[in-house]
Amino acid sequence: MVWQRPDGRQPYQLRPISFHTGFTRFAPGSVLTKFGDTQVLCTVSVSEGVPKFLAGSGKGWLTSEYRMLPSATQERQARELLKLSGRTQEIQRLIGRSLRGAIDFDVLGERTLTVDADVLQADAGTRTAAITGGFVALAHAVSQLVQQGVLERSPLSGQIAAISVGLLAGEPYLDLNYIEDVTATVDFNVVMNQHLGIIEIQGTAEAGSYSRTELNHLLDFAEKGIQQLLILQREAISDWDQLLLVN
């Protein structure tokens, strides 16, 4: 059996991707990120000071919060207020871990960058969209800090993007939508930097197991997808050449 993609894409094709920068007024960095029908608003705020474990170190910090709006899915979901679900906590930690790989915290100084990822509409891949769009928002926030003279130079030391891959009917597919995500026998989220160095891999067999050969094929697809995302990110950052510390 050959899996026919609901939207007619080839196995190696991304969904239509776009970054609408400057989407909100007050956040130093804000991007409406679209991966097909998945839409995530990524904003970056800056505050003076750092968590207690970094106080006096001269180093900065980056943290993240992730939420899904009640109407992001077909059936309304209750807002997470006093207690976050395990899924929400896991995703926001992933976003924070991933994007910390893009910052030189000595250059940032004792400031905290908070990346907020709010899912407006979910059609799978919300965490990878949040990481990929979150980086674009982060770059815009850094650019504003440099332009305002808050920072003498950019603390960006890398570029980060993420994508999902999965096995459907025994074959690899890139950037799964919801129908594919719930059908896949193997589902991976892959985070890489601009050199295609792996930041994090989250993967599991939903049914049975997978071979080393299949794993390699999935990573090959992820690399190709992330290469395209890196280009799209740079196109969305007008002063990219002035922001990255290490090319």
# chains A, B, ... in the order shown; residues from 1 in each chain; ligands from 1

$ closest_atom_pairs --of "segment 130-181 of chain A" --to "segment 87-98 of chain A" --cutoff "12 Å" --atoms "only C-alpha atoms" --output "Markdown table"
| residue | atom | partner | partner_atom | distance |
| --- | --- | --- | --- | --- |
| A:Ala130 | CA | A:Ile95 | CA | 7.2 |
| A:Ile131 | CA | A:Ile95 | CA | 5.6 |
| A:Thr132 | CA | A:Ile95 | CA | 9.3 |
| A:Gly133 | CA | A:Ile95 | CA | 10.5 |
| A:Gly134 | CA | A:Ile95 | CA | 8.1 |
| A:Phe135 | CA | A:Ser98 | CA | 9.3 |
| A:Leu138 | CA | A:Gly96 | CA | 11.6 |
| A:Gly158 | CA | A:Ser98 | CA | 10.8 |
| A:Gln159 | CA | A:Ser98 | CA | 10.1 |
| A:Ile160 | CA | A:Ser98 | CA | 7.2 |
| A:Ala161 | CA | A:Ser98 | CA | 8.6 |
| A:Ala162 | CA | A:Ser98 | CA | 8.9 |

$ write_last_selection --atoms "C-alpha atoms" --output "compact mmCIF listing (two decimals), in the first residue's frame"
# COMPACT_ATOMS: atom_id res chain seq x y z
CA ALA A 130 6.97 27.13 17.25
CA ILE A 131 10.71 26.45 17.21
CA THR A 132 11.20 27.51 13.60
CA GLY A 133 9.05 30.63 13.90
CA GLY A 134 10.37 31.31 17.38
CA PHE A 135 13.86 31.66 15.94
CA LEU A 138 14.16 35.89 18.30
CA GLY A 158 23.49 30.02 15.44
CA GLN A 159 20.33 29.35 13.49
CA ILE A 160 17.73 26.81 14.61
CA ALA A 161 14.89 25.11 12.73
CA ALA A 162 12.75 22.04 13.32

$ residues_around --residues "segment 37-44 of chain A" --least-positions-apart "4" --cutoff "7 Å" --atoms "only C-alpha atoms" --output "PyMOL selection string"
chain A and resi 27-33+113-124+126+129-130+133-134+137-138+141

$ select_by_dssp --residues "segment 2-246 of chain A" --states "strand (DSSP E or B)" --output "ChimeraX atom specification"
/A:17-21,29-35,38-48,61-68,103,111-121,156,160-168,171-174,186-193,198-205

$ closest_residue --among "A:Leu174, A:Ile231, A:Leu215, A:Val107" --to "Trp61 of chain A" --atoms "only C-alpha atoms"
A:Val107

$ select_by_dssp --residues "segment 5-206 of chain A" --states "alpha helix (DSSP H)" --output "number ranges by chain"
A: 86-100, 105-108, 126-147, 178-183

$ residues_around --residues "Leu229 of chain A" --least-positions-apart "2" --cutoff "12 Å" --atoms "only C-alpha atoms" --output "PyMOL selection string"
chain A and resi 13-19+33-35+128-129+131-133+135-136+159-163+175+191-194+196+222-227+231-236
